[in-house]
Structures are given as C-alpha cells and as structure tokens.
>>> print(open('target.pdb').read())   # PDB, C-alpha atoms
ATOM      1  CA  MET A   1      -7.044   3.572 -12.877
ATOM      2  CA  THR A   2      -4.816   0.490 -12.734
ATOM      3  CA  ALA A   3      -2.661  -1.120 -10.065
ATOM      4  CA  PRO A   4       0.680   0.721  -9.775
ATOM      5  CA  SER A   5       3.284  -1.303 -11.695
ATOM      6  CA  ALA A   6       5.940  -0.625  -9.048
ATOM      7  CA  GLN A   7       3.872  -2.322  -6.347
ATOM      8  CA  PRO A   8       4.348  -6.001  -5.516
ATOM      9  CA  LYS A   9       1.962  -8.460  -7.135
ATOM     10  CA  THR A  10       0.284  -9.214  -3.835
ATOM     11  CA  LEU A  11      -3.424  -9.031  -3.056
ATOM     12  CA  LEU A  12      -4.123  -9.100   0.678
ATOM     13  CA  CYS A  13      -7.703  -9.841   1.750
ATOM     14  CA  VAL A  14      -8.494  -8.808   5.316
ATOM     15  CA  GLY A  15     -11.261  -9.986   7.616
ATOM     16  CA  GLU A  16     -12.704 -13.054   9.278
ATOM     17  CA  CYS A  17     -12.648 -16.652   8.095
ATOM     18  CA  MET A  18     -15.216 -18.778   9.918
ATOM     19  CA  VAL A  19     -16.285 -22.388  10.192
ATOM     20  CA  GLU A  20     -19.173 -22.783   7.733
ATOM     21  CA  MET A  21     -21.920 -25.351   8.227
ATOM     22  CA  ALA A  22     -23.692 -25.567   4.860
ATOM     23  CA  PRO A  23     -26.792 -27.648   4.102
ATOM     24  CA  THR A  24     -26.454 -30.649   1.819
ATOM     25  CA  ALA A  25     -29.028 -32.146  -0.532
ATOM     26  CA  GLY A  26     -29.705 -34.881   2.028
ATOM     27  CA  GLY A  27     -30.619 -32.420   4.766
ATOM     28  CA  ASP A  28     -27.369 -32.734   6.727
ATOM     29  CA  PHE A  29     -24.656 -30.090   7.059
ATOM     30  CA  ARG A  30     -21.167 -30.053   5.572
ATOM     31  CA  MET A  31     -18.325 -28.292   7.399
ATOM     32  CA  GLY A  32     -16.043 -25.928   5.546
ATOM     33  CA  PHE A  33     -14.342 -22.582   6.017
ATOM     34  CA  ALA A  34     -15.649 -19.335   4.560
ATOM     35  CA  GLY A  35     -16.290 -15.640   5.145
ATOM     36  CA  ASP A  36     -16.780 -12.735   2.772
ATOM     37  CA  THR A  37     -13.173 -11.604   2.275
ATOM     38  CA  TYR A  38     -11.861 -15.155   2.606
ATOM     39  CA  ASN A  39     -14.236 -16.270  -0.143
ATOM     40  CA  ALA A  40     -12.860 -13.505  -2.355
ATOM     41  CA  ALA A  41      -9.291 -14.634  -1.588
ATOM     42  CA  TRP A  42     -10.166 -18.244  -2.407
ATOM     43  CA  TYR A  43     -11.636 -17.316  -5.781
ATOM     44  CA  ALA A  44      -8.891 -14.802  -6.579
ATOM     45  CA  ARG A  45      -6.235 -17.440  -5.942
ATOM     46  CA  ARG A  46      -7.863 -19.698  -8.524
ATOM     47  CA  LEU A  47      -8.149 -16.939 -11.085
ATOM     48  CA  MET A  48      -4.816 -15.117 -10.734
ATOM     49  CA  PRO A  49      -1.501 -16.359 -12.141
ATOM     50  CA  LYS A  50       1.199 -17.841  -9.925
ATOM     51  CA  ASP A  51       3.328 -14.711 -10.072
ATOM     52  CA  TRP A  52       0.644 -13.061  -7.926
ATOM     53  CA  THR A  53       0.460 -13.783  -4.201
ATOM     54  CA  VAL A  54      -3.003 -13.890  -2.641
ATOM     55  CA  GLY A  55      -2.762 -13.605   1.138
ATOM     56  CA  TYR A  56      -5.209 -13.530   4.004
ATOM     57  CA  VAL A  57      -4.960 -11.277   7.054
ATOM     58  CA  THR A  58      -6.886 -12.348  10.156
ATOM     59  CA  GLY A  59      -6.581 -13.840  13.627
ATOM     60  CA  VAL A  60      -7.131 -17.455  14.674
ATOM     61  CA  GLY A  61      -6.781 -19.415  17.887
ATOM     62  CA  ALA A  62      -4.242 -22.046  18.852
ATOM     63  CA  ASP A  63      -6.742 -24.914  18.912
ATOM     64  CA  ALA A  64      -7.326 -27.827  16.555
ATOM     65  CA  ILE A  65     -10.043 -26.138  14.489
ATOM     66  CA  SER A  66      -7.770 -23.116  13.950
ATOM     67  CA  ASP A  67      -4.989 -25.473  12.832
ATOM     68  CA  ARG A  68      -7.358 -27.073  10.378
ATOM     69  CA  MET A  69      -8.461 -23.676   9.057
ATOM     70  CA  LEU A  70      -4.863 -22.626   8.419
ATOM     71  CA  ALA A  71      -4.080 -25.926   6.729
ATOM     72  CA  THR A  72      -7.112 -25.460   4.471
ATOM     73  CA  MET A  73      -5.975 -21.954   3.507
ATOM     74  CA  GLN A  74      -2.521 -23.207   2.631
ATOM     75  CA  GLU A  75      -3.904 -26.140   0.647
ATOM     76  CA  ALA A  76      -5.925 -23.600  -1.358
ATOM     77  CA  GLY A  77      -2.709 -21.732  -2.195
ATOM     78  CA  ILE A  78      -3.555 -18.741   0.007
ATOM     79  CA  ASP A  79      -0.591 -17.206   1.841
ATOM     80  CA  ALA A  80      -1.353 -17.435   5.582
ATOM     81  CA  GLY A  81       1.814 -15.663   6.691
ATOM     82  CA  ALA A  82      -0.224 -12.699   7.938
ATOM     83  CA  VAL A  83      -2.487 -14.685  10.260
ATOM     84  CA  ARG A  84      -2.139 -13.848  13.967
ATOM     85  CA  ARG A  85      -2.338 -16.653  16.520
ATOM     86  CA  VAL A  86      -4.322 -15.671  19.614
ATOM     87  CA  PRO A  87      -4.143 -18.559  22.135
ATOM     88  CA  GLU A  88      -7.026 -17.445  24.355
ATOM     89  CA  ARG A  89      -9.459 -17.195  21.423
ATOM     90  CA  THR A  90     -10.833 -19.424  18.669
ATOM     91  CA  VAL A  91     -12.580 -18.987  15.318
ATOM     92  CA  GLY A  92     -16.219 -18.116  14.688
ATOM     93  CA  LEU A  93     -18.867 -20.419  13.249
ATOM     94  CA  TYR A  94     -21.956 -19.827  11.128
ATOM     95  CA  LEU A  95     -24.758 -22.046   9.883
ATOM     96  CA  ILE A  96     -26.543 -21.475   6.567
ATOM     97  CA  GLN A  97     -30.261 -22.051   6.123
ATOM     98  CA  LEU A  98     -31.815 -21.879   2.640
ATOM     99  CA  ASP A  99     -35.293 -20.962   1.448
ATOM    100  CA  LYS A 100     -35.749 -21.100  -2.346
ATOM    101  CA  GLY A 101     -32.085 -20.270  -2.887
ATOM    102  CA  GLU A 102     -32.026 -17.316  -0.496
ATOM    103  CA  ARG A 103     -29.837 -17.790   2.554
ATOM    104  CA  SER A 104     -30.095 -16.799   6.183
ATOM    105  CA  PHE A 105     -27.411 -17.243   8.812
ATOM    106  CA  ALA A 106     -26.995 -18.110  12.464
ATOM    107  CA  TYR A 107     -23.663 -17.001  13.968
ATOM    108  CA  TRP A 108     -21.436 -17.949  16.908
ATOM    109  CA  ARG A 109     -18.511 -15.529  16.850
ATOM    110  CA  GLY A 110     -18.265 -13.825  20.266
ATOM    111  CA  GLN A 111     -14.719 -15.067  20.957
ATOM    112  CA  SER A 112     -13.481 -14.842  17.377
ATOM    113  CA  ALA A 113      -9.733 -14.215  17.205
ATOM    114  CA  ALA A 114     -10.321 -12.177  14.035
ATOM    115  CA  ARG A 115     -11.534  -9.359  16.265
ATOM    116  CA  THR A 116      -7.908  -8.854  17.334
ATOM    117  CA  LEU A 117      -6.426  -8.443  13.855
ATOM    118  CA  ALA A 118      -5.748  -4.716  14.402
ATOM    119  CA  ASP A 119      -4.595  -4.958  18.020
ATOM    120  CA  ASP A 120      -0.913  -4.482  17.072
ATOM    121  CA  PRO A 121      -0.442  -1.354  14.897
ATOM    122  CA  GLY A 122       3.191  -2.142  14.109
ATOM    123  CA  TRP A 123       2.367  -5.666  12.976
ATOM    124  CA  LEU A 124      -0.494  -4.419  10.794
ATOM    125  CA  GLU A 125       1.689  -1.759   9.184
ATOM    126  CA  ASP A 126       4.363  -4.370   8.397
ATOM    127  CA  VAL A 127       1.751  -6.683   6.865
ATOM    128  CA  PHE A 128       0.297  -3.939   4.683
ATOM    129  CA  ALA A 129       3.792  -2.956   3.531
ATOM    130  CA  ARG A 130       3.915  -6.233   1.553
ATOM    131  CA  ALA A 131       0.787  -5.477  -0.472
ATOM    132  CA  GLY A 132       0.108  -4.169  -3.929
ATOM    133  CA  ALA A 133      -3.630  -4.227  -3.211
ATOM    134  CA  ILE A 134      -5.681  -4.594  -0.021
ATOM    135  CA  PHE A 135      -9.280  -5.822  -0.023
ATOM    136  CA  TYR A 136     -11.518  -5.323   3.028
ATOM    137  CA  SER A 137     -15.238  -5.141   3.732
ATOM    138  CA  GLY A 138     -17.956  -3.744   5.923
ATOM    139  CA  ILE A 139     -17.775  -6.983   7.919
ATOM    140  CA  THR A 140     -14.047  -6.449   8.442
ATOM    141  CA  LEU A 141     -14.909  -3.103  10.048
ATOM    142  CA  ALA A 142     -17.864  -4.504  12.007
ATOM    143  CA  ILE A 143     -15.892  -7.184  13.856
ATOM    144  CA  LEU A 144     -13.319  -4.693  15.142
ATOM    145  CA  PRO A 145     -13.808  -2.773  18.397
ATOM    146  CA  ASP A 146     -14.072   0.993  17.899
ATOM    147  CA  GLU A 147     -10.514   1.774  18.988
ATOM    148  CA  THR A 148      -8.819  -0.852  16.825
ATOM    149  CA  ARG A 149     -11.065  -0.006  13.890
ATOM    150  CA  GLU A 150      -9.394   3.403  13.948
ATOM    151  CA  THR A 151      -6.003   1.664  13.987
ATOM    152  CA  PHE A 152      -7.051  -0.391  10.980
ATOM    153  CA  LEU A 153      -8.275   2.646   9.049
ATOM    154  CA  ASP A 154      -5.056   4.540   9.831
ATOM    155  CA  ALA A 155      -3.000   1.615   8.497
ATOM    156  CA  LEU A 156      -5.086   1.614   5.313
ATOM    157  CA  GLU A 157      -4.542   5.330   4.866
ATOM    158  CA  GLN A 158      -0.777   4.904   5.238
ATOM    159  CA  ALA A 159      -0.762   2.037   2.740
ATOM    160  CA  ARG A 160      -2.820   4.020   0.253
ATOM    161  CA  ALA A 161      -0.415   6.949   0.559
ATOM    162  CA  ARG A 162       2.396   4.568  -0.469
ATOM    163  CA  GLY A 163       0.512   3.652  -3.649
ATOM    164  CA  VAL A 164      -1.225   0.479  -2.488
ATOM    165  CA  VAL A 165      -4.612   0.026  -4.190
ATOM    166  CA  THR A 166      -7.319  -0.187  -1.507
ATOM    167  CA  ILE A 167     -10.605  -1.940  -2.320
ATOM    168  CA  PHE A 168     -13.727  -1.877  -0.133
ATOM    169  CA  ASP A 169     -16.853  -4.003  -0.431
ATOM    170  CA  THR A 170     -19.379  -2.258   1.806
ATOM    171  CA  ASN A 171     -21.033  -5.610   2.731
ATOM    172  CA  MET A 172     -23.415  -4.513   5.495
ATOM    173  CA  ARG A 173     -24.677  -6.823   8.234
ATOM    174  CA  ALA A 174     -26.912  -4.793  10.558
ATOM    175  CA  ARG A 175     -26.803  -7.399  13.336
ATOM    176  CA  LEU A 176     -23.053  -6.790  13.758
ATOM    177  CA  TRP A 177     -23.572  -3.122  14.631
ATOM    178  CA  PRO A 178     -25.166  -1.414  17.655
ATOM    179  CA  GLY A 179     -27.474   0.486  15.310
ATOM    180  CA  ALA A 180     -28.001   1.748  11.768
ATOM    181  CA  GLU A 181     -26.351   5.109  12.458
ATOM    182  CA  ALA A 182     -23.153   3.488  13.722
ATOM    183  CA  MET A 183     -23.070   1.141  10.747
ATOM    184  CA  CYS A 184     -23.522   3.887   8.166
ATOM    185  CA  ALA A 185     -20.902   6.099   9.815
ATOM    186  CA  ALA A 186     -18.343   3.279   9.835
ATOM    187  CA  ILE A 187     -19.110   2.336   6.231
ATOM    188  CA  MET A 188     -18.397   5.881   5.110
ATOM    189  CA  GLN A 189     -15.174   5.933   7.154
ATOM    190  CA  GLY A 190     -14.117   2.738   5.421
ATOM    191  CA  ALA A 191     -15.022   4.147   2.013
ATOM    192  CA  ALA A 192     -12.919   7.231   2.681
ATOM    193  CA  LYS A 193      -9.805   5.006   2.679
ATOM    194  CA  ALA A 194     -10.666   3.206  -0.571
ATOM    195  CA  ASP A 195      -9.620   3.713  -4.175
ATOM    196  CA  ILE A 196     -12.300   1.253  -5.323
ATOM    197  CA  VAL A 197     -15.699   0.734  -3.675
ATOM    198  CA  LEU A 198     -17.909  -2.267  -4.512
ATOM    199  CA  PRO A 199     -21.360  -1.687  -2.962
ATOM    200  CA  SER A 200     -24.552  -3.711  -3.424
ATOM    201  CA  PHE A 201     -27.547  -1.600  -4.400
ATOM    202  CA  ASP A 202     -30.146  -3.353  -2.228
ATOM    203  CA  GLU A 203     -28.033  -2.904   0.912
ATOM    204  CA  GLU A 204     -27.347   0.741   0.069
ATOM    205  CA  GLN A 205     -31.051   1.409  -0.412
ATOM    206  CA  ASP A 206     -31.868  -0.127   2.957
ATOM    207  CA  ALA A 207     -29.074   1.645   4.834
ATOM    208  CA  PHE A 208     -28.817   5.037   3.123
ATOM    209  CA  GLY A 209     -32.144   5.403   1.328
ATOM    210  CA  GLU A 210     -30.931   6.157  -2.201
ATOM    211  CA  THR A 211     -33.320   5.369  -5.009
ATOM    212  CA  THR A 212     -30.798   5.029  -7.867
ATOM    213  CA  GLN A 213     -27.415   3.384  -8.362
ATOM    214  CA  ALA A 214     -26.055   6.720  -9.595
ATOM    215  CA  GLU A 215     -26.804   8.265  -6.196
ATOM    216  CA  VAL A 216     -24.898   5.466  -4.487
ATOM    217  CA  ALA A 217     -21.891   5.985  -6.754
ATOM    218  CA  ALA A 218     -21.962   9.757  -6.200
ATOM    219  CA  ARG A 219     -21.855   9.342  -2.401
ATOM    220  CA  TYR A 220     -18.807   7.104  -2.568
ATOM    221  CA  HIS A 221     -17.042   9.354  -5.050
ATOM    222  CA  GLU A 222     -17.630  12.233  -2.658
ATOM    223  CA  ALA A 223     -16.033  10.145   0.094
ATOM    224  CA  GLY A 224     -12.898   9.785  -2.023
ATOM    225  CA  ALA A 225     -13.273   6.662  -4.164
ATOM    226  CA  ARG A 226     -12.023   6.968  -7.726
ATOM    227  CA  LEU A 227     -13.852   3.892  -9.020
ATOM    228  CA  VAL A 228     -17.286   2.630  -7.905
ATOM    229  CA  VAL A 229     -18.947  -0.545  -9.170
ATOM    230  CA  VAL A 230     -22.534  -0.791  -7.915
ATOM    231  CA  LYS A 231     -23.653  -4.421  -7.939
ATOM    232  CA  ASN A 232     -27.354  -5.147  -8.237
ATOM    233  CA  GLY A 233     -27.938  -8.870  -7.843
ATOM    234  CA  ALA A 234     -29.084 -10.218 -11.200
ATOM    235  CA  GLY A 235     -29.772  -6.678 -12.377
ATOM    236  CA  GLU A 236     -27.761  -4.026 -14.161
ATOM    237  CA  ILE A 237     -24.315  -3.147 -12.753
ATOM    238  CA  LEU A 238     -23.278   0.515 -12.789
ATOM    239  CA  VAL A 239     -19.603   1.463 -13.232
ATOM    240  CA  SER A 240     -18.521   4.997 -12.394
ATOM    241  CA  GLU A 241     -15.055   6.582 -12.345
ATOM    242  CA  ALA A 242     -13.923  10.005 -11.138
ATOM    243  CA  GLY A 243     -17.529  11.046 -10.557
ATOM    244  CA  ALA A 244     -18.795  10.137 -14.032
ATOM    245  CA  GLU A 245     -20.797   7.109 -15.109
ATOM    246  CA  LEU A 246     -18.785   5.046 -17.597
ATOM    247  CA  PHE A 247     -21.162   2.235 -18.519
ATOM    248  CA  ARG A 248     -23.689  -0.295 -17.287
ATOM    249  CA  HIS A 249     -23.404  -4.043 -17.592
ATOM    250  CA  THR A 250     -26.346  -6.436 -17.721
ATOM    251  CA  PRO A 251     -25.426  -9.932 -16.486
ATOM    252  CA  GLN A 252     -26.564 -12.975 -18.423
ATOM    253  CA  PRO A 253     -29.714 -14.618 -16.959
ATOM    254  CA  VAL A 254     -29.158 -17.534 -14.579
ATOM    255  CA  LYS A 255     -31.205 -20.676 -15.246
ATOM    256  CA  SER A 256     -31.700 -21.671 -11.608
ATOM    257  CA  VAL A 257     -30.508 -20.141  -8.346
ATOM    258  CA  VAL A 258     -29.492 -22.788  -5.816
ATOM    259  CA  ASP A 259     -27.623 -20.744  -3.207
ATOM    260  CA  THR A 260     -26.745 -17.039  -3.273
ATOM    261  CA  THR A 261     -23.993 -17.427  -0.656
ATOM    262  CA  ALA A 262     -20.789 -15.694  -1.873
ATOM    263  CA  ALA A 263     -22.409 -14.209  -4.971
ATOM    264  CA  GLY A 264     -20.972 -10.776  -4.195
ATOM    265  CA  ASP A 265     -17.665 -12.185  -2.929
ATOM    266  CA  SER A 266     -17.106 -14.137  -6.133
ATOM    267  CA  PHE A 267     -18.009 -11.098  -8.235
ATOM    268  CA  ASP A 268     -15.391  -9.101  -6.327
ATOM    269  CA  ALA A 269     -12.754 -11.773  -6.925
ATOM    270  CA  GLY A 270     -13.532 -12.159 -10.615
ATOM    271  CA  PHE A 271     -13.508  -8.404 -11.108
ATOM    272  CA  LEU A 272     -10.294  -7.816  -9.153
ATOM    273  CA  ALA A 273      -8.427 -10.763 -10.648
ATOM    274  CA  ALA A 274      -8.961  -9.241 -14.074
ATOM    275  CA  TYR A 275      -8.686  -5.554 -13.201
ATOM    276  CA  LEU A 276      -5.536  -5.772 -11.080
ATOM    277  CA  GLN A 277      -3.815  -7.501 -13.992
ATOM    278  CA  GLY A 278      -4.624  -4.558 -16.248
ATOM    279  CA  GLN A 279      -7.642  -5.853 -18.138
ATOM    280  CA  ALA A 280     -10.188  -3.310 -19.364
ATOM    281  CA  LEU A 281     -13.001  -2.338 -17.010
ATOM    282  CA  PRO A 282     -15.804  -3.843 -19.130
ATOM    283  CA  ASP A 283     -13.938  -7.155 -19.299
ATOM    284  CA  ALA A 284     -13.278  -7.146 -15.554
ATOM    285  CA  VAL A 285     -16.926  -6.441 -14.726
ATOM    286  CA  SER A 286     -18.058  -9.138 -17.140
ATOM    287  CA  ARG A 287     -15.679 -11.660 -15.563
ATOM    288  CA  GLY A 288     -17.012 -10.863 -12.099
ATOM    289  CA  ALA A 289     -20.615 -11.259 -13.229
ATOM    290  CA  GLU A 290     -19.878 -14.542 -15.010
ATOM    291  CA  LEU A 291     -18.233 -16.024 -11.934
ATOM    292  CA  ALA A 292     -21.064 -14.920  -9.631
ATOM    293  CA  ALA A 293     -23.566 -16.566 -11.999
ATOM    294  CA  GLN A 294     -21.679 -19.851 -11.724
ATOM    295  CA  VAL A 295     -21.506 -19.661  -7.944
ATOM    296  CA  VAL A 296     -25.227 -19.105  -7.300
ATOM    297  CA  GLN A 297     -26.050 -22.255  -9.272
ATOM    298  CA  ALA A 298     -24.282 -24.514  -6.750
ATOM    299  CA  PRO A 299     -24.532 -24.960  -2.965
ATOM    300  CA  GLY A 300     -22.055 -23.416  -0.518
ATOM    301  CA  ALA A 301     -19.732 -20.443  -0.592
ATOM    302  CA  LEU A 302     -16.826 -22.006  -2.489
ATOM    303  CA  VAL A 303     -17.462 -23.431  -5.947
ATOM    304  CA  GLU A 304     -14.658 -24.357  -8.345
ATOM    305  CA  PRO A 305     -14.695 -21.787 -11.198
ATOM    306  CA  ARG A 306     -15.114 -23.040 -14.721
TER     307      ARG A 306
END
>>> encode(input="target.pdb", output="structure tokens")
Amino acid sequence: MTAPSAQPKTLLCVGECMVEMAPTAGGDFRMGFAGDTYNAAWYARRLMPKDWTVGYVTGVGADAISDRMLATMQEAGIDAGAVRRVPERTVGLYLIQLDKGERSFAYWRGQSAARTLADDPGWLEDVFARAGAIFYSGITLAILPDETRETFLDALEQARARGVVTIFDTNMRARLWPGAEAMCAAIMQGAAKADIVLPSFDEEQDAFGETTQAEVAARYHEAGARLVVVKNGAGEILVSEAGAELFRHTPQPVKSVVDTTAAGDSFDAGFLAAYLQGQALPDAVSRGAELAAQVVQAPGALVEPR
C-alpha cells in the first residue's frame, strides 16, 4: 500500500500542541512547544522534501502564548493555516519529570482550545480536503468531547473514501478518559477509520490484554486497517499487512537512554516520511527506528535529526 499518486503531497497532523516545560541538566525547566502529533509533524517537516507540505490542525487561543506557539510552528516550516483561533480559550501546558530516562507528566489542559478542533464540521471537512495523508492519535480522540469526536471520525471516513491515507497512532493516556472501557471503545472507533495503525505493544497489553504483537495486529486488521506496525520500545517491531505478518525488525541497541519523550512520535515521523514517499516498508521501518534511537539519547521532545 502506498500513498495515492493523485493526492496532494500534504501530510496533516491533527491534535493538541501544548506548552512543554522540560527539565534541564541544571535542574531548571526549559519552555518549548510539543505534543504527540505535533512532535510527529515537527520531525516529518525536517525529513520530507520541500515539495511536501506538513500542516498542523488544532485550536489555539488569541493570547500571547498562542501567538508564540503559532510563530514557532511557522518558524519550523509547519503550515499553520488549519489552526482555529478560539478567543475564550488558551493552550494547554505539561511538565516533564524524569527518573532514569523514563518520563512522567503533570498536565494543565482544562481550557485547551484544541478541544474545539472538531466543533465546525464544515471547516474540518474543508481542511481534510487539502490532505494526501492525515495523521491522528488516541490523544487526539481523548481531548474531544463525545459529540465532536463523532464529527471528527465522520470527517476522517469521508476523507478516506476520497483516497486520503489515514494514519492512527493509538497512543493511550488513561488519565484522559473516564475509564478503561471508554478508552478502548474510542481507540477501536479511531482504528476503524485508519488505513495504517501504529500501536505500542506495552500500551496494548495494558489496555486490551493481548500477550503477543501478532494478536494486536490481528485486532486492528479486523477493525479495517490494511497496514499495522506494532512498536515495542527497544524490542522487535512487527509489520503486518492485509492480515498477514510481513516481517519483524530489531532496532539497533541504544548506548544510553536520556529521555524517552517523543520516542514513538519520532518513529511515526521517520516511518511516514519514508513510506509516504514510496520507500519500501523495511526501509521505512528502519528509518523510524533509527530516528527514535537518536531522540531518546537527548533531553526533550524535539531533537534535530542527524
């Protein structure tokens, strides 16, 4: 499966960009902007040629920090033309804490404007009409109220019917959901609209109880995905297409893990940047794994690729 050649060379990443407070070596915090799908957009923009547009779809406020976020997106080369301004809201914030390279988060996002990104069905349909590929995540679904989540999923279905490639990273954050049952149901609804699903094995085990990567892939194929790439941290990656396992990829060992923030996001970007340009699946998976290995060896979500 490759991106339809008749579609525009535009990758739209959809979700929430937040203010990130990341720890520094001196014990202070550095402010930046990040979020799972935004991280993927940032990396994809650095990896994809200039004849591809990488855009971000979200909502922001009309305040100074929202202005700064938009300016940062544009400076990174990300098209912010599909960002909604919501004057009565602002952007969310999260703080990263590290323990031996593993991160934990504290969030302040109750009034996040990103929660309104699917409030206008006509606007969303027009935005998606510009895309050749649309990337969204479990967090994208989690921040939306139930009624506008349905609007979002309907817009994805319409885009997919027009030949747009839809890509879903299941990225599960239990604290964003009222309970495990609601989270799992929404994840499967999101997967049902996707051509490509990019789950993480540890999260799938915790949420759905599977004991093998093959079981994870089979569930997403049954939901309608044609291609499933089951990430597994530093472990073996399983790649399955049309219900059949194609191959497994073992990433190169990492010398030292500094910060695992954006490991999965960078993998997604590396994989998609290669795959959407028509590179072979093994090469695309390898590129994603190589980029993720670079990212976990440096602090923060956004690390310049080598």
>>> residues_around(input="target.pdb", residues="Glu222 of chain A", least_positions_apart="3", cutoff="12 Å", atoms="only C-alpha atoms", output="ChimeraX atom specification")
/A:188-189,191-195,197,215-219,225-228,241-244
>>> residues_around(input="target.pdb", residues="segment 203-214 of chain A", least_positions_apart="3", cutoff="8 Å", atoms="only C-alpha atoms", output="PyMOL selection string")
chain A and resi 171-172+180+184+199-200+217-218+230+238+245
>>> closest_residue(input="target.pdb", among="A:Asn39, A:Gln158, A:Ser240, A:Gln279", to="His221 of chain A", atoms="all atoms listed in the file")
A:Ser240
>>> atom_distance(input="target.pdb", atom1="atom CA of Arg46 of chain A", atom2="atom CA of Asp202 of chain A")
28.3 Å
>>> closest_residue(input="target.pdb", among="A:Ala106, A:Met73, A:Ala234, A:Leu11", to="Val257 of chain A", atoms="all atoms listed in the file")
A:Ala234
>>> build_atoms(input="target.pdb", residues="segment 203-217 of chain A", atoms="N, CA and C atoms", output="mmCIF file, in the frame of the given file")
data_model
loop_
_atom_site.group_PDB
_atom_site.id
_atom_site.type_symbol
_atom_site.label_atom_id
_atom_site.label_comp_id
_atom_site.auth_asym_id
_atom_site.auth_seq_id
_atom_site.Cartn_x
_atom_site.Cartn_y
_atom_site.Cartn_z
ATOM 1 N N GLU A 203 -28.502 -3.281 -0.424
ATOM 2 C CA GLU A 203 -28.033 -2.904 0.912
ATOM 3 C C GLU A 203 -27.940 -1.394 1.062
ATOM 4 N N GLU A 204 -27.486 -0.727 0.022
ATOM 5 C CA GLU A 204 -27.347 0.741 0.069
ATOM 6 C C GLU A 204 -28.713 1.403 0.187
ATOM 7 N N GLN A 205 -29.693 0.880 -0.533
ATOM 8 C CA GLN A 205 -31.051 1.409 -0.412
ATOM 9 C C GLN A 205 -31.566 1.283 1.014
ATOM 10 N N ASP A 206 -31.378 0.111 1.598
ATOM 11 C CA ASP A 206 -31.868 -0.127 2.957
ATOM 12 C C ASP A 206 -31.166 0.757 3.975
ATOM 13 N N ALA A 207 -29.852 0.928 3.818
ATOM 14 C CA ALA A 207 -29.074 1.645 4.834
ATOM 15 C C ALA A 207 -29.097 3.157 4.639
ATOM 16 N N PHE A 208 -28.992 3.603 3.395
ATOM 17 C CA PHE A 208 -28.817 5.037 3.123
ATOM 18 C C PHE A 208 -30.012 5.679 2.425
ATOM 19 N N GLY A 209 -30.908 4.870 1.876
ATOM 20 C CA GLY A 209 -32.144 5.403 1.328
ATOM 21 C C GLY A 209 -32.084 5.905 -0.096
ATOM 22 N N GLU A 210 -30.966 5.705 -0.813
ATOM 23 C CA GLU A 210 -30.931 6.157 -2.201
ATOM 24 C C GLU A 210 -31.923 5.377 -3.061
ATOM 25 N N THR A 211 -32.359 6.018 -4.122
ATOM 26 C CA THR A 211 -33.320 5.369 -5.009
ATOM 27 C C THR A 211 -32.697 4.962 -6.344
ATOM 28 N N THR A 212 -31.469 5.399 -6.624
ATOM 29 C CA THR A 212 -30.798 5.029 -7.867
ATOM 30 C C THR A 212 -29.358 4.612 -7.581
ATOM 31 N N GLN A 213 -28.819 3.785 -8.475
ATOM 32 C CA GLN A 213 -27.415 3.384 -8.362
ATOM 33 C C GLN A 213 -26.486 4.581 -8.535
ATOM 34 N N ALA A 214 -26.883 5.538 -9.372
ATOM 35 C CA ALA A 214 -26.055 6.720 -9.595
ATOM 36 C C ALA A 214 -25.878 7.512 -8.302
ATOM 37 N N GLU A 215 -26.913 7.559 -7.478
ATOM 38 C CA GLU A 215 -26.804 8.265 -6.196
ATOM 39 C C GLU A 215 -25.820 7.554 -5.267
ATOM 40 N N VAL A 216 -25.843 6.238 -5.294
ATOM 41 C CA VAL A 216 -24.898 5.466 -4.487
ATOM 42 C C VAL A 216 -23.476 5.780 -4.930
ATOM 43 N N ALA A 217 -23.229 5.716 -6.232
ATOM 44 C CA ALA A 217 -21.891 5.985 -6.754
ATOM 45 C C ALA A 217 -21.433 7.392 -6.383
#
